[in-house]
Amino acid sequence: KNEVEQSPQNLTAQEGEFITINCSYSVGISALHWLQQHPGGGIVSLFMLSSGKKKHGRLIATINIQEKHSSLHITASHPRDSAVYICAVLPPMNRDDKIIFGKGTRLHILP
Amino acid sequence: DAGVTQSPTHLIKTRGQQVTLRCSPKSGHDTVSWYQQALGQGPQFIFQYYEEEERQRGNFPDRFSGHQFPNYSSELNVNALLLGDSALYLCASSRTGGGWDTEAFFGQGTRLTVV
């Protein structure tokens with residue numbers, strides 16, 4: 001079982017729909033990152049979370065440390081939101097473990 | 001600010017050859033991390049450089065080596081290329097050896113194809 005699991009793997013939705021992408025992890029973490037990867041490879045860091053909730057424009061990220069789960073929400077989705085969304089977890093600062101990435105969720109928003 | 005720049009953007013090599021990929025970090029960043037991303041997979045951590053030394057390393061063989069220069073730019077070298085080394089190689093930079101506890105910026109990647 002992967003230490004970081006994302007769901008769904010693929011998601012196609014109509015423009016304007018509310019999108020939720022989930023990330024579950026099985027290791028202790030100090031922070032969790034949500035990343036956006038556009039076709040061609042470039043990655044943009046959307047959020048870094050260690051507790052609670054963050055909002056940036058139409059994007060909202062939440063994390064529940066006790067349940068080892070995070071969600072990324074997109075409100076009023078738009079075709080330009082089409083990308084791969086990747087969850088990555090950072091181990092606790094006192095451990096020499098490495099950052100672990102999920103396999104990504106491929107989102108396609110239809111106009 | 002040019003952000004993180006990687007070169008080349010695309011590269012085709014033959015099995016057994018050696019390749020060098022380059023990364024210039026974002027201005028003000030001193031830490032560079034390298035990742036390998038196979039098609040349809042999440043990135044895998046290769047190693048991280050800070051103060052011209054390798055600080056952390058993922059589960060990659062010794063064929064993968066790197067270097068960081070005094071200006072914080074970095075190179076990733078892969079020797080004896082295998083077909084399985086075909087992937088997108090991503091570089092990320094951050095501040096003061098912080099790795100991912102500070103905000104990291106990614107380059108556009110170098111797509112390596114081994115034939």
# chains A, B, ... in the order shown; residues from 1 in each chain; ligands from 1
call {"tool": "interface_residues", "arguments": {"of": "chain A", "to": "chain B", "cutoff": "12 Å", "atoms": "only C-alpha atoms", "output": "PyMOL selection string"}}
result
chain A and resi 2+4-6+9-10+29-50+84-93+95-106
call {"tool": "residues_around", "arguments": {"residues": "Thr62 of chain A", "least_positions_apart": "6", "cutoff": "9 Å", "atoms": "only C-alpha atoms", "output": "list of chain:residue names"}}
result
A:Leu49, A:Ser51, A:Gly52, A:Lys53, A:Lys54, A:Lys55, A:His69, A:Ser70, A:Ser71, A:Leu72, A:His73
call {"tool": "write_last_selection", "arguments": {"atoms": "N, CA and C atoms", "output": "PDB file, in the first residue's frame"}}
result
ATOM      1  N   LEU A  49       0.147  22.966   4.214  1.00  0.00           N
ATOM      2  CA  LEU A  49      -0.753  22.898   5.366  1.00  0.00           C
ATOM      3  C   LEU A  49      -0.133  22.080   6.463  1.00  0.00           C
ATOM      4  N   SER A  51      -2.202  22.295   9.555  1.00  0.00           N
ATOM      5  CA  SER A  51      -3.436  22.132  10.314  1.00  0.00           C
ATOM      6  C   SER A  51      -4.522  22.974   9.662  1.00  0.00           C
ATOM      7  N   GLY A  52      -5.767  22.623   9.930  1.00  0.00           N
ATOM      8  CA  GLY A  52      -6.888  23.473   9.576  1.00  0.00           C
ATOM      9  C   GLY A  52      -7.179  23.603   8.104  1.00  0.00           C
ATOM     10  N   LYS A  53      -7.274  24.830   7.656  1.00  0.00           N
ATOM     11  CA  LYS A  53      -7.806  25.114   6.330  1.00  0.00           C
ATOM     12  C   LYS A  53      -7.125  26.348   5.761  1.00  0.00           C
ATOM     13  N   LYS A  54      -6.910  26.327   4.438  1.00  0.00           N
ATOM     14  CA  LYS A  54      -6.387  27.512   3.766  1.00  0.00           C
ATOM     15  C   LYS A  54      -7.208  27.758   2.510  1.00  0.00           C
ATOM     16  N   LYS A  55      -7.321  29.026   2.148  1.00  0.00           N
ATOM     17  CA  LYS A  55      -8.110  29.395   0.964  1.00  0.00           C
ATOM     18  C   LYS A  55      -7.311  30.385   0.133  1.00  0.00           C
ATOM     19  N   HIS A  69      -5.780  12.894   6.713  1.00  0.00           N
ATOM     20  CA  HIS A  69      -6.522  13.103   5.473  1.00  0.00           C
ATOM     21  C   HIS A  69      -6.548  14.590   5.132  1.00  0.00           C
ATOM     22  N   SER A  70      -6.436  14.866   3.841  1.00  0.00           N
ATOM     23  CA  SER A  70      -6.525  16.238   3.355  1.00  0.00           C
ATOM     24  C   SER A  70      -7.385  16.254   2.104  1.00  0.00           C
ATOM     25  N   SER A  71      -8.058  17.364   1.909  1.00  0.00           N
ATOM     26  CA  SER A  71      -8.854  17.545   0.695  1.00  0.00           C
ATOM     27  C   SER A  71      -8.509  18.872   0.035  1.00  0.00           C
ATOM     28  N   LEU A  72      -8.570  18.850  -1.277  1.00  0.00           N
ATOM     29  CA  LEU A  72      -8.424  20.074  -2.072  1.00  0.00           C
ATOM     30  C   LEU A  72      -9.745  20.291  -2.790  1.00  0.00           C
ATOM     31  N   HIS A  73     -10.330  21.466  -2.609  1.00  0.00           N
ATOM     32  CA  HIS A  73     -11.589  21.797  -3.244  1.00  0.00           C
ATOM     33  C   HIS A  73     -11.383  22.921  -4.245  1.00  0.00           C
TER      34      HIS A  73
END
call {"tool": "residues_around", "arguments": {"residues": "Thr20 of chain B", "least_positions_apart": "2", "cutoff": "9 Å", "atoms": "only C-alpha atoms", "output": "PyMOL selection string"}}
result
chain B and resi 18+22+66+75-79
call {"tool": "write_last_selection", "arguments": {"atoms": "N, CA and C atoms", "output": "mmCIF file, in the first residue's frame"}}
result
data_model
loop_
_atom_site.group_PDB
_atom_site.id
_atom_site.type_symbol
_atom_site.label_atom_id
_atom_site.label_comp_id
_atom_site.auth_asym_id
_atom_site.auth_seq_id
_atom_site.Cartn_x
_atom_site.Cartn_y
_atom_site.Cartn_z
ATOM 1 N N GLN B 18 25.803 8.805 -20.940
ATOM 2 C CA GLN B 18 25.733 9.614 -19.729
ATOM 3 C C GLN B 18 25.010 10.919 -20.063
ATOM 4 N N ARG B 22 20.718 20.421 -15.887
ATOM 5 C CA ARG B 22 21.106 21.609 -15.143
ATOM 6 C C ARG B 22 19.907 22.331 -14.561
ATOM 7 N N GLY B 66 25.139 14.143 -8.309
ATOM 8 C CA GLY B 66 24.848 15.552 -8.508
ATOM 9 C C GLY B 66 25.963 16.445 -8.038
ATOM 10 N N GLU B 75 23.650 20.469 -10.874
ATOM 11 C CA GLU B 75 23.614 19.519 -11.976
ATOM 12 C C GLU B 75 23.203 18.153 -11.454
ATOM 13 N N LEU B 76 22.478 17.444 -12.302
ATOM 14 C CA LEU B 76 22.150 16.036 -12.056
ATOM 15 C C LEU B 76 22.819 15.241 -13.156
ATOM 16 N N ASN B 77 23.620 14.269 -12.773
ATOM 17 C CA ASN B 77 24.309 13.407 -13.735
ATOM 18 C C ASN B 77 23.766 11.979 -13.613
ATOM 19 N N VAL B 78 23.522 11.375 -14.744
ATOM 20 C CA VAL B 78 23.114 9.969 -14.752
ATOM 21 C C VAL B 78 24.042 9.228 -15.696
ATOM 22 N N ASN B 79 24.700 8.208 -15.149
ATOM 23 C CA ASN B 79 25.623 7.397 -15.951
ATOM 24 C C ASN B 79 24.938 6.109 -16.395
#
call {"tool": "closest_residue", "arguments": {"among": "B:Val4, B:Ala87, B:Val32, B:Ala80", "to": "Glu53 of chain B", "atoms": "only C-alpha atoms"}}
result
B:Val32
call {"tool": "residues_around", "arguments": {"residues": "Ser7 of chain A", "least_positions_apart": "5", "cutoff": "8 Å", "atoms": "only C-alpha atoms", "output": "PyMOL selection string"}}
result
chain A and resi 21-23+105
call {"tool": "residues_around", "arguments": {"residues": "Leu107 of chain A", "least_positions_apart": "2", "cutoff": "6 Å", "atoms": "only C-alpha atoms", "output": "MDAnalysis selection string"}}
result
chainID A and resid 11:12 82:84
call {"tool": "select_by_dssp", "arguments": {"residues": "segment 1-110 of chain A", "states": "strand (DSSP E)", "output": "PyMOL selection string"}}
result
chain A and resi 4-7+10-14+19-25+31-37+43-49+52-56+59-64+69-74+83-90+100-101+105-110
call {"tool": "residues_around", "arguments": {"residues": "Gly3 of chain B", "least_positions_apart": "4", "cutoff": "7 Å", "atoms": "only C-alpha atoms", "output": "list in words"}}
result
Pro25, Lys26 and Ser27 of chain B
call {"tool": "atom_distance", "arguments": {"atom1": "atom CA of Glu54 of chain B", "atom2": "atom CA of Pro70 of chain B"}}
result
13.6 Å
call {"tool": "atom_distance", "arguments": {"atom1": "atom CA of Ser33 of chain B", "atom2": "atom CA of Val115 of chain B"}}
result
26.1 Å
